[in-house]
Structures are given as C-alpha cells and as structure tokens.
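What follows is one structure encoded as structure tokens, with my remarks underneath.
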Amino acid sequence: MCRLLFVAVVFFLPYIHGRVHHERDFTKGENNFVASRQAELEMKLDTINRQRRSLQDSDQSASTVNELHATQFDLKNGTSHNQALIHWSGNNSNVIFVLTRKKESSYMGKITHSTLWRSTDYGETYKQENGKFDETAVLNSYYTSPIDKDKAVFVDNFQSSTRIWVTSDEGVTYLPYTIDFSLHKIEFHPTEPEWLLGYDQFSKKLWVSQNLGRTWVALHSHVTKDRFFWGVKDVENDVKSKLIVHFEYRDISVMPQRRFTVKACYIPSCGDAPFQKQYDALGRIDMESLNVQDKYIFVQKPGALQKLYVSYKRGPFVKSKFSGTAVEQSDFHIVSSDTGTVVVGVSHDDLACHLYFSDERGEKFLLSKPNVRYFPRKVGDDFAVSVDIYEVKGIKGTFIMNVVGPEKQNLTEISWNNGRTWQGLSLPTHDDEDNVCATCNLNLHILMTQTPAGYYAPLMLSKESVPGLIIAHGSVGTTVEDLPHRFKVYMSQDAGVNWYKVLDKRHLFNLADHGAMIVGVQMMFLQPVRKLQFSNDFGRHWSSHYFSKKETINVDGLLTEPGEYTHHFTLFGHKNFHDNWKLYALDFSSLVPNHCTYPVNYANRTMPNVTSCVLGMKQTIEVLKEDANCMVGREYKRYTKLEKCDCTNADYECDYGYVADASDTCIRLHDQEGRIDNVGDYEYISDYDLLHNRKDDCVGGYKNVTSGYRKVPGDNCVNELEKMMVQKVACGNGTVPSEVPTTTLGWSLILLNSSTSASMGSNLHFTVRKSKVLWTVKRLSPPDHTYTPAETSEGLLIFTPEQPGPYLVKASKLPTLMNSRSVQVNFWYPIERVKIFRPPVVQVDTDYRVYSTVTIIDGLLGTSPLVGDLLYYWSSHQSNKDIFDRNAPSNQSNSAMGHPEIGQYTLEVKVKNDISEKVAYEHVEVKKCVHVVKLKVNTSAIINGTSITGSWITEITRMFQSRVQNVFANDVDKHAAMGFDVYNDTKIFVAPTLPIVPQLLFYSADGISPTCDQLQDIATEYNQALNDAFCFNIGTDDKQLQIKVCAETQATSSGMSGGIIALIIMIIIATVICGVLMYRRYGSSHCSPAYFRVASLARNGSARSHIVRTRGQVHDDRNPIVDEDEFIDEELDGMESIGGELSNGGNGENGLGTLEFRTG
C-alpha cells in the first residue's frame, strides 16, 4: 500500500528576521497545523501532515443570509510530491507562493523534484512557475526579505554545488546565481533588503552577501549552527552598527577542540568590532548558548551553578544572579525580554522548573513562581526545556502559565503585572459544565501541544492587532483536561480577566479584519469536512458555511494575510492520500455587508480592568462593540492611550537579596552557611559588607544603597515613594564595620567568602585588620613551591590559582614575620555532567552493577585532582511508585542494584563535590529472563583511563550495537515462532571500565515466549555467528589516539590432530548433556548468564570524531518554543492498517514520537 508523507509548511512575512522556507520535518498527531509563536513579528509557521489530521463537519449549524464566496483550485500534476510550503508574500500583497516538493525517504531526505505555484489574486487562481527556471532546477527552500516583500531567494539543489534564484519583483522574474558552497540557511538583514548571511552546514562556514546573493564572501569557519545574528540597530553603540555580525564558533587552536567562543565583526572583511573586547574578556562559553536579543546578549559559561551571563546594551558581561536557589541550573528558556524585564524559565537538576523576572539590566533575577510546568523540546540532537507559558500579545506585562500543583496537577494562572502576582483564572460564563467543584478553575492548554495522555492540544492564540482577545482550549476542573473529546474552546476579550465558552471540542482557528472575523474548523481524526464556523461578534454566535459544495476534504491549514487586516483567508487540504492538494480562496465580505462606523460601533475599554492602574499605567484601547456585526476594513487604525499613574506600594517588590516577612516588609536575606551559589561573588558574601563597597559604587564619598525594595520591572509609575527609593550613604575605601571580630593579638585574618571552597576561575577574598602582613600561598597537593602574591589593596588579597587543588593561604605580620595566621582553601572544577551507565535490561531478583561518569569543563573526565573528593548517592524506585530504595553515601562511582519485581525502574545518582552537585537519571527494564554473552576485546593501542568519558563509552556502545546487528541481519525472522526478534530483543551494554567488556544481552520479558531454556539456546546459537571478528575504528575524546577495536569468538587452534579434536568434541558433548540434565533437575527457575570468551585482532585504524554533547539553547522570546512540535496521537494506534508507518514511537531520535507516511 502506498504510504505518503504530506507535510505543508506555511510561512508569513516576519517583521524583523527573514525566515527559512523549508520543510522542518514536523510530525503531528491528529492536527499537524502548528502556529509558531512569532509574537510581535506577526509571522506564522504552520506545519501540516496531510494524513494525520482531518476535520469533521460541525454540529454548530445555523442558517445563513448570504453565501460564503469560496473558490477552489487544485494543484494538479503534484501527486508525486509529498510536501508543500505555502507563503503569503506580505502585508498589502495579493501574492501567494506554493512550493510542492518530493522528498525521498532515502538519501538523507533529498529533494528530487519540485513545482512552484504563484497566485496574484488572493489565491483565486495559481500558475506554475517552473517555466521561469532552468529545466534542471529542483527548488529546496526559499527565503523572503522582512522589509521588502518583492525580494526573495530560492535555493536550488543544482548538481554538486548550490544555485540560487533571486526575484526582486515578487516572482515576476527570477535570476540564477551559482555559488561555491552548500547553502542551508539564509538570514536577511533587518534594515538592508539585499544583505544576507548564508550558512553552510557541511563546512560550518558563515558567508555574507551585500547584493542579494550575486556574490558572497566567507566570514568565518567552524561557526555554530543557528548561532549567528545581525547587530541590533540603536543598541550596538557604533556608527557602523548595521555592518556588525555576532556569531559563536569553535576555537580549534586549543586542545581539546571543544572550546567555543564568540566574535563580533564588521562585514565583509570580519574585522573586529569594538564589542569584541567584551567577548575576549568573557572567554569560552558553552556550545550553542549565544543569543543576541533586543538590548541583551545571553551566553552560558562552563561552570557549576549559576551559569547565565548577560550583556546589557553591549556593556560588559555580568553573571546573572538568581534568588532563592542553590541548585544546579540546567537549561534556560528566555520567554521575553521586551517589557523592561527578562523573563526566564530555569530548569534544575532536582526535576523542578522555576520562573524568574529580572531587573531592567537582566542581571538580578527574583523568583516569580516556583514549580512551573515545563516539557522537553528537541534542539538538534538534544532536548531543551520549554516553560508552558504564554505572553499575551498587545497587553504589556500579561502572562498565562501552567503551574504544577501540590498533587502534581496542572493549574493555569495569570499575571498582569510582569509576574509580581499570580492568580487562577475565573470560571467561564456560558459553560454548561454540571456539578462544578468548589476548588475548580478554568485550566487551559498553552504551549505544550502534546498532552501527557498523548493527544494533540491546539495552541493558545492572541494577536498584536487585536489587543485583549485570547482564544484557548481547556476545561473546568482541578487540572487541565488531557482527553480531546473533553476539550472546550474559551475566549476572553479583556486580556484574561473574564472568560466565556464558545464551542465544544477541538478547533482550528484564525482571525481577520482586525479580529472582527473569527473562523474555526472542528478537528476530528480522519473525518473530512466541507463546512466551517464563522463569527462576527467575538465568538458569541456562530454560523456554518460551506467552503466546498462538491466534496469533503481533510483540512491541513487555514491562513490569512499577515496583520489580519483583510477579509481574505486561504484554506488548504486534500481529499485522499493520492489526490492533489486543494486550495480554497475564501472571501468573507459577503457575510458582513455593513461597514463599521465611528463612533457608533466602537467603545473604549481599559485593559486589563482588574484595577485602574497596572504596571504604573492605565491602558485604554478602542475595541469593536460585541453587537456591531460589521466589517472594520483595511484602513482602520486602532486608538490606544497610555496614562501614567502615581506610584503606590503595588508598584514595588522586594529587591534582590531581600524577602518579605509576615508583615510584608522586605528584610535582608542573609547568606546561608555553606551555600555554593555565591562562592567567589562580590555581593552578599558576608554580613561584614566589606566588599559590598565596590570601588565603582563609591563616587565622591557616597554610594547608592538599596532600601530593600525595587520597582517592579517594566513599571512606569511616576512620583516614586521616598521610602522605596535607593538611598545615598557615605562610603570610603577599606571601611570595616565595627562588629568585625578581632583576636587578643590585635589582628586577624578573615576569609570574606562564605565557603573555603571555590570553583576554578572564581576568587577568594582575604583581609587583615590592624596590621601589615606578608602574604604567602602554597599548593598542598600535589606539593608545590611557596610563592608571594601581590595585595590588591592594603590588607586585601584576592586569590585565583591557575591549577585546582588545596592551598594554604598565610598572612605573616611584618616586620618580624613571627606572628602568622593561615587558612586552608580549595579550588576545584565544578561538575558539568553526570551520566549513568547501566544494562538496559536486567533479570528480576538478580544483582547487577551500575556505573557513573563525571564530566567537567571541555568534556574532561572529573578525576580527583580536578574535582576533589566526590560523594555518590545512589537510589532506585519502580517508575510507577514513589517508594525509594536508597543506598548509603559512597565514594564509589559504581553500585550494586537488584529489583524484586518485573517492570521499569528509575535509577538515580547524585554526585557532589565541595562546590557543586549534579543529578542523573536512567531507566532500566526488569525482565523474567536475561542471558548475558560477555565479549573479550583487545585494541590496537593501550587506552588510558582518562579517555573513558561518558561520550566515548556511548559512542563505542553504538558501534558495537551496529556491528552486532550487521552480523545478525540475515536471522531477523529465524526465531519469530518463539516470539524472539534478534533486533528488538537483544541489547549491548559497555561499562565505563577497563578492560572493555561488552555484554550482549538476550532477554525474554515474561519467560514464556520464548522460555528461559529457549532463550539460553538462542544465545548459544547466535554466539556461533560471532566466529569471525568484527572491527571498527574509534578516536578518543581528546583526538590524541586512534584505536581499532575488534571482537570475535574464541579461536580454535588449527595445530591439533584429528583424534584430539574428536576427543575434545566428545568431552564437550558429554559435558553439555550432563549439564543439561543437572540443570533440569536441580536448576532454579531463573536463567543463569552464559559467558563466552572472545579473542581480538590488533591493527591501527583511522580516527573517528568524538560525540559532542549538545546543550540547551537560550531562546528568542519571539519564538519561545525551542524547536518543532512533534507528537503522536493515541488515536493513530491502528494507522498501520490503512498504510501508516509509525517511526520512533516514544522518545526517539527525532522527537517525542513521529508518524510518517512514506512513498513505497
């Protein structure tokens, strides 16, 4: 049966960035339409899978006075194409592009044929454009200028190079240019319509063109994918700001070659821009962490705890401080940065995620809401966290978010004041929900498009062009509903203050005519439709209309012209899997014959109307009256008014380092003993406040000191309250509070930090009082010479060593040096990553061993000289239970485990050193029977223990798995009758130990099919298939060694006589028979492991690249989702019977599960 993958991607013209118009391999459940949250850019990215979702005729029928004007157009001759890219050219344009392509399932998804269609009449008709291109052209993708809708670049898969086709007249003509590199992404300049950045993913090289692609100049090599940015106008502090480019790249001049750094340079020669000195001072950063956004530049630094660094308005980088946590920060989700504050979701290794709001500079973050709902989104080859939060468009400071309740339920809350306060949503009106409980609230689906039950949940919708209007799916109850047949559609016209129910079940929505026209199509799996729902009064009444009178179709998407100013929609879909795409041009003007008049049809409304002033201002917006039932028109300009208010207590919150007491007074939050997140920091080190008087704070004998309060970020109130304002106090260099303790000798050595241990790169600060001293420092392990460091100022020493280890800092009183004081301190590298290695399957009631590896900066192994003493806390629990089996703390990196029941268990290890801690998790499947075949392996070179990093073991395990599967390739169905599949019922496990001993695991889940005895026979049989050695080459992580790894079964000597061989065979047979008889009589019901010795060959081999861990991104607030929406709907379980092919179900390589229909 033919299997087709139908994916359509819809692109709207962005306001700032040019965006790639190519298929992103999105995969959907029932609905493959996803609107990418491009906030103020007004850009929509809609992805459609033509098989996986269709729409059902709505039962919300009503008689209509006028008929909807709908024109159908079939994209003929495109049935062999399995993808479509649809793009409305831009504001005030009637041009629509449709690119259909054939993407092969083999050849790494190569595009082998394409057809470009173009409409110049709002989609009423389309013409093929292929005649304007060379007959060999195969268009792969296209990009459009964000500031000039006439300009676009089409990328052509031309022979072994790349050819581009450029239009400067919105597709009337195209000019070809052949370029010398493979073009995978284009980034248009935000103000210069002909300036382009081009990225070659193969060579990792960044190119620039200043003439719309006619000529290109190479900027830099080894650039990180998606980490290059044009400079931001009016922020770069440079007269040549439009020439500036920021990008992250790998520095290959140092070893190991995992050091990433940042560059700011002028195009086209890439000479250093002035900001480069800030990047140089910053040093190396985490891979894939650069994010240039608005006034800010964010990066992550290799380090233990708080690792987010920020530059505000291109000033020096400062480490951002987060209040209320001493737990490792894993990922950052930059939600927003354009409301006078930076909104960040921070995930932690204690499996929690918290939401923070910063001051204006993005340096000090206060906890806004703990335990917020978050979920993984795929980023490259890794996953990053995304907070389930939504910034309401058009209403400043309004956020809607799902939080995790005390019973792990998901609750929806809203804030109108930039996260200062949160509250639950009000119960909706017009809801027929019976028996609403006392604790029930309205809970909504926001950004998490796959529910925990596995169903698709449509995204929340709001528009800058329609301030205050919100459309969302959800339910009334104690948690958000996961089952789609219980979804309801709710709307709010006042930025979420009040809600009302409008429709039942899931719908696909879009807006037009400044929000006066709302169109919805009900989403029902594999039930084609020909009607849609229309409302002209903000969802209070709906009428049904036919967009097709001839046939029903599976609707793939619904889009409007960018800006939602017109009354035109384009609906597209397909009738069946073999049919052409069908596009419908919809004109709703006939349904609304009356034009709106001012002031009769309009009213002024304060939003949000919770209080008269929010964030220090009163926002008045002109809105259409609910009963107007008229058409607004393209030329309408909405009236808005902002009035600033006098400041009140509500405009303030506790400053960083302060907390509200029972009387709501902000008091100083003193440092906790042993906290590790402030080690080496200048601020809040101790109550002595010595280093709180930084030199740059003291000007003219005075400094600014916080009152304990600060304005809510983004607040615009006037006439500030004096008691809340920053105070000026006298200051002076070296001022020491009188309460500093002294000794009977009259002087003392004081460590100003809160801990005697610090991370490499941090500072420890020492001071003495009432004496002049000579400072000496000695490294204790390994023993090192004593040296004399220089004082920073009189009586003050700031110590930062170049090597990790314990140090003795000594102060000897001058001039005699007879009296001295000393402090032992430690400097260690923080733990960057912990990885658990365990057999993927184990036998019930059988002990096995689990291992862990610790990785530090640059992927190095965390050995004792680098990290100090480590403590390991091992535990396990059955995945569906909360009963933990915890082991005592140990200094061993491995631990014995065993499980009494069949099922899935979660393994956990927390690893700590003096300055950091990290937690890792893994799952292990416990089966009835598991047979272990151990392979003995030799290598072409001696492997140093420091080479056994987590990434290296992962790579070598993958290589063993691949080679073993190749050996067994011809025996896939050999034991199918027993219920055994050699591909799915065998696993490879390699422990991070020397010598390397791979384990080939054969398992039976229930011990019945196959039985334990049959499984042992199968393991013995397949062992014979490994008579011949299999070899592969692999390099070490530091690229210093290339190793050839070989494995084979024990070789039989050819020098034996036939008689000896016959005798050995007879002995073996007799032994086996006796063993079987003894086993059947006395053996237990459990299956014992089988052990086989394997010899190896030793030869030199070529190098293989190491695996590089991909870090989570810091994300653009204009696109807060870290990557594509990928999900699987449980309603698709029977898809195979109609030609579906499910791939990567669960947490596969390509996301949370994909459903694809492929040709052939």
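Chain identifiers are assigned as A, B, and so on, following the order in which chains appear in the structure tokens; residues are numbered from 1 within each chain, and ligands are numbered from 1 in order of appearance.
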Excluding same-chain residues fewer than 5 positions from region 797-808 of chain A, what lies within 6 Å of it counting only C-alpha atoms, as a ChimeraX atom specification?
/A:763-766,777-780,791-792,823-828,866
Considering only C-alpha atoms, tabulate each residue of region 818-936 of chain A that lies at most 8 Å from region 971-991 of chain A along with its nearest interatomic pair and the corresponding distance in Å to one decimal; arrange the rows by chain and ascending residue number and present them as a Markdown table.
| residue | atom | partner | partner_atom | distance |
| --- | --- | --- | --- | --- |
| A:Phe837 | CA | A:Ala991 | CA | 6.4 |
| A:Arg838 | CA | A:Phe989 | CA | 7.2 |
| A:Pro839 | CA | A:Phe989 | CA | 5.4 |
| A:Pro840 | CA | A:Lys987 | CA | 7.0 |
| A:Val841 | CA | A:Lys987 | CA | 7.6 |
| A:Tyr851 | CA | A:Ala991 | CA | 6.9 |
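As for CA of Pro608 (chain A) and CA of Leu508 (chain A), they are spaced 26.6 Å apart.
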For Tyr390 (chain A), find every residue with an atom within 7 Å (counting only C-alpha atoms), except residues of its own chain fewer than 6 positions away, and show them as a PyMOL selection string.
chain A and resi 399-401+446
Suppose we keep N, CA and C atoms; can you now write the selection as a PDB file, in the first residue's frame?
ATOM      1  N   PHE A 399       0.899  37.561  31.282  1.00  0.00           N
ATOM      2  CA  PHE A 399       1.379  36.211  31.020  1.00  0.00           C
ATOM      3  C   PHE A 399       0.377  35.202  31.565  1.00  0.00           C
ATOM      4  N   ILE A 400       0.192  34.114  30.824  1.00  0.00           N
ATOM      5  CA  ILE A 400      -0.633  32.991  31.272  1.00  0.00           C
ATOM      6  C   ILE A 400       0.279  31.771  31.324  1.00  0.00           C
ATOM      7  N   MET A 401       0.186  31.004  32.420  1.00  0.00           N
ATOM      8  CA  MET A 401       1.142  29.932  32.639  1.00  0.00           C
ATOM      9  C   MET A 401       0.476  28.775  33.372  1.00  0.00           C
ATOM     10  N   ILE A 446      -1.669  25.634  26.755  1.00  0.00           N
ATOM     11  CA  ILE A 446      -0.943  26.850  26.368  1.00  0.00           C
ATOM     12  C   ILE A 446       0.031  26.553  25.223  1.00  0.00           C
TER      13      ILE A 446
END
Pick the closest to Leu212 (chain A) from A:Thr261, A:Gln965, A:Ser893, A:Ser145: which is it, counting only C-alpha atoms?
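Result for the nearest residue to Leu212 (chain A): A:Ser145.
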Using CA of Leu290 (chain A) and CA of Val911 (chain A) as the two end points, give the distance in Å to one decimal.
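Result for CA of Leu290 (chain A) versus CA of Val911 (chain A): 28.2 Å, one decimal.
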